[in-house]
Amino acid sequence: MLDLNLIRTNRPAVEAALRKRMEHVDLSRLVANDAKRREFVTSVEALKARRNQVSADIPVLKKAGEDVDGLLAEMKEVSATIKSMDAEIRVLDDAIHDELARLPNLPSDDVPAGGKEANEVLRTWGDKPSFAFEPLDHVSLVTSLGLVDYERGVKMGGNGFWLYRGIGSRLEWALLSYFIDTHLADGYEFILPPHLLTYQCGFTAGQFPKFEDDVFQLRGDDDSFTHFILPTAETALINFHRDEILSEDELPSKYFAYTPCYRKEAGSYRAQERGMIRGHQFNKVEMFQFTTPETSETALDELIAKAEALVQGLGLHYRVSRLAAGDASAAMAKTYDIEVWIPSMGEYKEVSSASNAADYQARRGNIRFRRGDRRIEYVHSLNASGLATSRILPAIVEQGQQSDGSVVLPRVLADRLGVARLEPGEPAGGS
């Protein structure tokens, strides 16, 4: 949620910032409703002051034998006017809230304008793999290695689903264990949140109302929206301190969560993005921080570094990109993507988005902190994938493949599995 006072006092700057990510910006209705509401409030306060004064005067006048019928009639009219104007204020409050709820966050000053075409590659790590043989794609590799069963996944869940089996299940779990152990060592608190969330959770995260049709919804007997299945643990974690006032010495608060993520998006993208690149369900570990405003940029740097360290620990070639305003999530002021190289696709795919929402989500969720001098302010919220597995596993098998169809595993996974190389044709159960 944007700061309404900022819109009042610096509308041109707000509109200029929003144009970095929106083709059309028109705040005139919002500003007009706000001005009208403030006029009503001023009038109502004057009427209530008049009513209070007269209410105090009437007993005195009665005691003095004065006629108060005219004042009583006036107060009756004043009360009716106040009631009517209070109703108008409530209508305007709702209209202003709805307008603000649909506005995206303001991009940071250093975020480029435009869409995906304006993203900036900042750095790469590792050597891009090259092969002296015809490399296979990850769908062929995980199938021949017995890691993933696509046919049975589709049989159970439909298109956009797969299942891990045998050594593939163990490999997936080893990845998650690697991520979790790293975050615990870095002092983050482990959270296992509900997978079914209320509407308010989606609103606080900034996904609702605009993107409420993008999630799997649960509806009651009367077809009313009751819950939705979380699309990412960020949606749950931002609500951890909703409607709370933290103390300054509690910040930064650092959390991470493991959850499956459930998305409706599969099937709406290119046929090239098959296999595990894009699906309805995938596993992810999510990092999250609540900070003071002055420390949120440092926290963002920390989250980016942590995500990069995880990918480096797997020995995968990747790059880091700063997203343009129009390619970042609507709730985020700034986002950096860590993208691994997928040889068969000839492109990089995002495995972590590290973002700073500034106070946008905190305003929607009423999440504040009290400074040592007793001032109360909104926290800043940040999140980063740490990491999503559904693109890491394709990158591991494609970047680590050998001419005989085997795959050399990264040391951090080999140590967990007791297996240094995956061989085609091995039993699905693995060893």
# chains A, B, ... in the order shown; residues from 1 in each chain; ligands from 1
$ select_by_dssp --residues "segment 106-317 of chain A" --states "strand (DSSP E)" --output "JSON, numbers by chain"
{"A": [120, 121, 122, 123, 124, 125, 148, 149, 163, 164, 189, 190, 191, 196, 197, 217, 218, 219, 225, 226, 227, 228, 229, 245, 246, 247, 253, 254, 255, 256, 257, 258, 259, 260, 261, 262, 281, 282, 283, 284, 285, 286, 287, 288, 289, 290, 291]}
$ residues_around --residues "segment 287-297 of chain A" --least-positions-apart "2" --cutoff "7 Å" --atoms "only C-alpha atoms" --output "list in words"
Leu237, Leu251, Pro252, Ser253, Lys254, Tyr255, Phe256, Ala257, Val285, Ala299, Leu300, Asp301, Val379, His380, Ser381, Leu382, Asn383, Ala384, Ser385 and Gly386 of chain A
$ write_last_selection --atoms "C-alpha atoms" --output "mmCIF file, in the first residue's frame"
data_model
loop_
_atom_site.group_PDB
_atom_site.id
_atom_site.type_symbol
_atom_site.label_atom_id
_atom_site.label_comp_id
_atom_site.auth_asym_id
_atom_site.auth_seq_id
_atom_site.Cartn_x
_atom_site.Cartn_y
_atom_site.Cartn_z
ATOM 1 C CA LEU A 237 5.789 -15.267 6.108
ATOM 2 C CA LEU A 251 14.925 -6.200 14.112
ATOM 3 C CA PRO A 252 16.104 -7.567 11.843
ATOM 4 C CA SER A 253 13.894 -10.649 12.272
ATOM 5 C CA LYS A 254 15.105 -13.414 9.969
ATOM 6 C CA TYR A 255 13.010 -16.423 8.955
ATOM 7 C CA PHE A 256 12.946 -19.131 6.344
ATOM 8 C CA ALA A 257 10.298 -21.665 5.399
ATOM 9 C CA VAL A 285 12.803 -22.762 0.572
ATOM 10 C CA ALA A 299 19.463 -6.907 4.245
ATOM 11 C CA LEU A 300 18.770 -7.178 0.513
ATOM 12 C CA ASP A 301 22.494 -7.492 -0.183
ATOM 13 C CA VAL A 379 8.939 -2.055 9.064
ATOM 14 C CA HIS A 380 10.503 -2.958 5.729
ATOM 15 C CA SER A 381 10.005 -6.502 4.419
ATOM 16 C CA LEU A 382 12.309 -8.505 2.154
ATOM 17 C CA ASN A 383 12.264 -11.970 0.679
ATOM 18 C CA ALA A 384 14.402 -14.253 -1.469
ATOM 19 C CA SER A 385 14.138 -17.819 -2.672
ATOM 20 C CA GLY A 386 16.740 -19.932 -1.035
#
$ residues_around --residues "segment 161-169 of chain A" --least-positions-apart "6" --cutoff "9 Å" --atoms "only C-alpha atoms" --output "number ranges by chain"
A: 142, 145-155, 275-276, 279-282, 417, 422, 427-431
$ write_last_selection --atoms "N, CA and C atoms" --output "PDB file, in the first residue's frame"
ATOM      1  N   VAL A 142      16.577 -36.956 -16.571  1.00  0.00           N
ATOM      2  CA  VAL A 142      15.958 -37.414 -15.322  1.00  0.00           C
ATOM      3  C   VAL A 142      15.113 -38.665 -15.559  1.00  0.00           C
ATOM      4  N   LEU A 145      17.673 -41.591 -15.891  1.00  0.00           N
ATOM      5  CA  LEU A 145      18.309 -41.834 -14.602  1.00  0.00           C
ATOM      6  C   LEU A 145      17.314 -42.305 -13.538  1.00  0.00           C
ATOM      7  N   GLY A 146      16.050 -42.357 -13.885  1.00  0.00           N
ATOM      8  CA  GLY A 146      15.032 -42.819 -12.942  1.00  0.00           C
ATOM      9  C   GLY A 146      14.754 -41.853 -11.814  1.00  0.00           C
ATOM     10  N   LEU A 147      14.969 -40.553 -12.051  1.00  0.00           N
ATOM     11  CA  LEU A 147      14.767 -39.556 -10.999  1.00  0.00           C
ATOM     12  C   LEU A 147      13.334 -39.044 -10.932  1.00  0.00           C
ATOM     13  N   VAL A 148      12.722 -38.887 -12.092  1.00  0.00           N
ATOM     14  CA  VAL A 148      11.400 -38.272 -12.192  1.00  0.00           C
ATOM     15  C   VAL A 148      10.518 -39.118 -13.093  1.00  0.00           C
ATOM     16  N   ASP A 149       9.251 -39.249 -12.712  1.00  0.00           N
ATOM     17  CA  ASP A 149       8.266 -39.978 -13.517  1.00  0.00           C
ATOM     18  C   ASP A 149       7.195 -38.980 -13.948  1.00  0.00           C
ATOM     19  N   TYR A 150       7.283 -38.560 -15.204  1.00  0.00           N
ATOM     20  CA  TYR A 150       6.322 -37.575 -15.713  1.00  0.00           C
ATOM     21  C   TYR A 150       4.969 -38.211 -16.014  1.00  0.00           C
ATOM     22  N   GLU A 151       4.971 -39.407 -16.591  1.00  0.00           N
ATOM     23  CA  GLU A 151       3.714 -40.031 -16.993  1.00  0.00           C
ATOM     24  C   GLU A 151       2.816 -40.288 -15.790  1.00  0.00           C
ATOM     25  N   ARG A 152       3.385 -40.840 -14.729  1.00  0.00           N
ATOM     26  CA  ARG A 152       2.570 -41.121 -13.547  1.00  0.00           C
ATOM     27  C   ARG A 152       2.195 -39.825 -12.820  1.00  0.00           C
ATOM     28  N   GLY A 153       3.058 -38.796 -12.901  1.00  0.00           N
ATOM     29  CA  GLY A 153       2.702 -37.508 -12.317  1.00  0.00           C
ATOM     30  C   GLY A 153       1.484 -36.908 -12.991  1.00  0.00           C
ATOM     31  N   VAL A 154       1.449 -37.005 -14.333  1.00  0.00           N
ATOM     32  CA  VAL A 154       0.292 -36.510 -15.085  1.00  0.00           C
ATOM     33  C   VAL A 154      -0.933 -37.361 -14.800  1.00  0.00           C
ATOM     34  N   LYS A 155      -0.728 -38.667 -14.661  1.00  0.00           N
ATOM     35  CA  LYS A 155      -1.857 -39.552 -14.361  1.00  0.00           C
ATOM     36  C   LYS A 155      -2.508 -39.175 -13.035  1.00  0.00           C
ATOM     37  N   GLY A 275       8.857 -30.220 -18.760  1.00  0.00           N
ATOM     38  CA  GLY A 275       9.550 -30.853 -17.656  1.00  0.00           C
ATOM     39  C   GLY A 275       9.276 -30.101 -16.367  1.00  0.00           C
ATOM     40  N   MET A 276      10.340 -29.792 -15.644  1.00  0.00           N
ATOM     41  CA  MET A 276      10.204 -29.133 -14.343  1.00  0.00           C
ATOM     42  C   MET A 276      10.399 -27.624 -14.409  1.00  0.00           C
ATOM     43  N   GLY A 279       5.703 -25.543 -13.578  1.00  0.00           N
ATOM     44  CA  GLY A 279       4.661 -26.512 -13.238  1.00  0.00           C
ATOM     45  C   GLY A 279       3.701 -25.967 -12.209  1.00  0.00           C
ATOM     46  N   HIS A 280       2.697 -26.772 -11.906  1.00  0.00           N
ATOM     47  CA  HIS A 280       1.680 -26.363 -10.942  1.00  0.00           C
ATOM     48  C   HIS A 280       2.150 -26.510  -9.503  1.00  0.00           C
ATOM     49  N   GLN A 281       3.142 -27.379  -9.258  1.00  0.00           N
ATOM     50  CA  GLN A 281       3.606 -27.616  -7.891  1.00  0.00           C
ATOM     51  C   GLN A 281       5.111 -27.851  -7.909  1.00  0.00           C
ATOM     52  N   PHE A 282       5.820 -27.169  -7.021  1.00  0.00           N
ATOM     53  CA  PHE A 282       7.254 -27.379  -6.902  1.00  0.00           C
ATOM     54  C   PHE A 282       7.686 -27.023  -5.489  1.00  0.00           C
ATOM     55  N   LEU A 417      24.118 -37.934  -0.156  1.00  0.00           N
ATOM     56  CA  LEU A 417      23.527 -39.140  -0.746  1.00  0.00           C
ATOM     57  C   LEU A 417      24.450 -40.355  -0.670  1.00  0.00           C
ATOM     58  N   LEU A 422      25.353 -40.292 -10.858  1.00  0.00           N
ATOM     59  CA  LEU A 422      24.112 -40.998 -11.192  1.00  0.00           C
ATOM     60  C   LEU A 422      24.280 -41.674 -12.537  1.00  0.00           C
ATOM     61  N   PRO A 427      18.251 -49.036 -10.927  1.00  0.00           N
ATOM     62  CA  PRO A 427      16.898 -49.200 -10.403  1.00  0.00           C
ATOM     63  C   PRO A 427      16.363 -47.897  -9.838  1.00  0.00           C
ATOM     64  N   ALA A 428      15.060 -47.688  -9.979  1.00  0.00           N
ATOM     65  CA  ALA A 428      14.448 -46.446  -9.521  1.00  0.00           C
ATOM     66  C   ALA A 428      14.660 -46.205  -8.045  1.00  0.00           C
ATOM     67  N   GLY A 429      14.815 -47.242  -7.276  1.00  0.00           N
ATOM     68  CA  GLY A 429      14.973 -47.089  -5.822  1.00  0.00           C
ATOM     69  C   GLY A 429      16.272 -46.441  -5.457  1.00  0.00           C
ATOM     70  N   GLY A 430      17.280 -46.542  -6.292  1.00  0.00           N
ATOM     71  CA  GLY A 430      18.587 -45.958  -5.982  1.00  0.00           C
ATOM     72  C   GLY A 430      19.255 -46.693  -4.850  1.00  0.00           C
ATOM     73  N   SER A 431      20.487 -46.307  -4.585  1.00  0.00           N
ATOM     74  CA  SER A 431      21.222 -46.958  -3.506  1.00  0.00           C
ATOM     75  C   SER A 431      21.510 -45.976  -2.398  1.00  0.00           C
TER      76      SER A 431
END
$ closest_residue --among "A:Val412, A:Ile392, A:Ala324, A:Leu72" --to "Ala118 of chain A" --atoms "only C-alpha atoms"
A:Ala324
$ select_by_dssp --residues "segment 81-289 of chain A" --states "alpha helix (DSSP H)" --output "MDAnalysis selection string"
chainID A and resid 81:102 138:144 150:157 167:185 199:205 233:237
$ atom_distance --atom1 "atom CA of Leu27 of chain A" --atom2 "atom CA of Leu6 of chain A"
12.3 Å
$ atom_distance --atom1 "atom CA of Phe133 of chain A" --atom2 "atom CA of Arg391 of chain A"
22.8 Å
$ residues_around --residues "Arg263 of chain A" --least-positions-apart "5" --cutoff "12 Å" --atoms "only C-alpha atoms" --output "VMD selection string"
chain A and resid 160 to 161 211 to 217 228 to 232 268 278 to 283
$ residues_around --residues "Arg364 of chain A" --least-positions-apart "6" --cutoff "9 Å" --atoms "only C-alpha atoms" --output "compact mmCIF listing (two decimals) with C-alpha atoms, in the first residue's frame"
# COMPACT_ATOMS: atom_id res chain seq x y z
CA MET A 1 0.00 0.00 0.00
CA LEU A 2 1.35 3.41 -0.90
CA ALA A 101 -4.97 -1.41 -2.88
CA PHE A 203 -3.85 -8.89 0.46
CA THR A 204 -0.96 -8.20 2.85
CA ALA A 205 1.49 -9.80 0.43
CA GLY A 206 0.26 -7.46 -2.31
CA ARG A 242 0.68 -8.88 10.80
$ closest_atom_pairs --of "segment 110-130 of chain A" --to "segment 306-313 of chain A" --cutoff "12 Å" --atoms "only C-alpha atoms" --output "Markdown table"
| residue | atom | partner | partner_atom | distance |
| --- | --- | --- | --- | --- |
| A:Arg123 | CA | A:Glu308 | CA | 11.1 |
| A:Thr124 | CA | A:Glu308 | CA | 10.3 |
| A:Trp125 | CA | A:Gln312 | CA | 7.8 |
| A:Gly126 | CA | A:Gln312 | CA | 8.2 |
| A:Asp127 | CA | A:Gln312 | CA | 11.5 |
$ residues_around --residues "Asp243 of chain A" --least-positions-apart "5" --cutoff "9 Å" --atoms "only C-alpha atoms" --output "ChimeraX atom specification"
/A:365-368
$ residues_around --residues "Pro394 of chain A" --least-positions-apart "3" --cutoff "9 Å" --atoms "only C-alpha atoms" --output "list in words"
Asp137, His138, Val139, Leu141, Val142, Gly275, Met276, Ile277, Ile342, Thr389, Ser390, Arg391, Val397, Glu398 and Gln399 of chain A
$ write_last_selection --atoms "N, CA and C atoms" --output "compact mmCIF listing (two decimals), in the first residue's frame"
# COMPACT_ATOMS: atom_id res chain seq x y z
N ASP A 137 18.67 -33.03 -22.93
CA ASP A 137 17.90 -32.10 -22.11
C ASP A 137 17.54 -32.77 -20.78
N HIS A 138 17.11 -31.98 -19.84
CA HIS A 138 16.89 -32.53 -18.50
C HIS A 138 15.74 -33.53 -18.45
N VAL A 139 14.75 -33.40 -19.32
CA VAL A 139 13.64 -34.36 -19.32
C VAL A 139 14.17 -35.74 -19.68
N LEU A 141 17.28 -36.77 -19.39
CA LEU A 141 18.24 -37.19 -18.37
C LEU A 141 17.55 -37.72 -17.13
N VAL A 142 16.58 -36.96 -16.57
CA VAL A 142 15.96 -37.41 -15.32
C VAL A 142 15.11 -38.67 -15.56
N GLY A 275 8.86 -30.22 -18.76
CA GLY A 275 9.55 -30.85 -17.66
C GLY A 275 9.28 -30.10 -16.37
N MET A 276 10.34 -29.79 -15.64
CA MET A 276 10.20 -29.13 -14.34
C MET A 276 10.40 -27.62 -14.41
N ILE A 277 10.61 -27.07 -15.60
CA ILE A 277 10.90 -25.65 -15.70
C ILE A 277 9.72 -24.81 -15.21
N ILE A 342 20.53 -23.14 -18.38
CA ILE A 342 19.95 -24.42 -18.80
C ILE A 342 20.43 -24.67 -20.23
N THR A 389 13.71 -25.66 -6.17
CA THR A 389 14.43 -26.83 -6.69
C THR A 389 14.07 -27.18 -8.13
N SER A 390 12.91 -26.74 -8.62
CA SER A 390 12.40 -27.25 -9.89
C SER A 390 13.23 -26.82 -11.09
N ARG A 391 14.08 -25.81 -10.92
CA ARG A 391 15.00 -25.42 -11.99
C ARG A 391 16.45 -25.73 -11.61
N VAL A 397 21.55 -31.63 -13.59
CA VAL A 397 21.73 -32.78 -14.49
C VAL A 397 22.23 -32.33 -15.86
N GLU A 398 21.79 -31.18 -16.34
CA GLU A 398 22.26 -30.73 -17.66
C GLU A 398 23.70 -30.23 -17.61
N GLN A 399 24.04 -29.46 -16.59
CA GLN A 399 25.41 -28.95 -16.52
C GLN A 399 26.41 -30.03 -16.11
$ atom_distance --atom1 "atom CA of Ser353 of chain A" --atom2 "atom CA of Leu171 of chain A"
22.9 Å
$ closest_residue --among "A:Ser321, A:Gln361, A:Gln402, A:Thr335" --to "Glu117 of chain A" --atoms "only C-alpha atoms"
A:Ser321
$ closest_residue --among "A:Lys62, A:Leu314, A:Leu103, A:Ser43" --to "Ser84 of chain A" --atoms "only C-alpha atoms"
A:Ser43
$ closest_residue --among "A:Ile238, A:Cys261, A:Leu175, A:Ala35" --to "Gly202 of chain A" --atoms "only C-alpha atoms"
A:Ile238
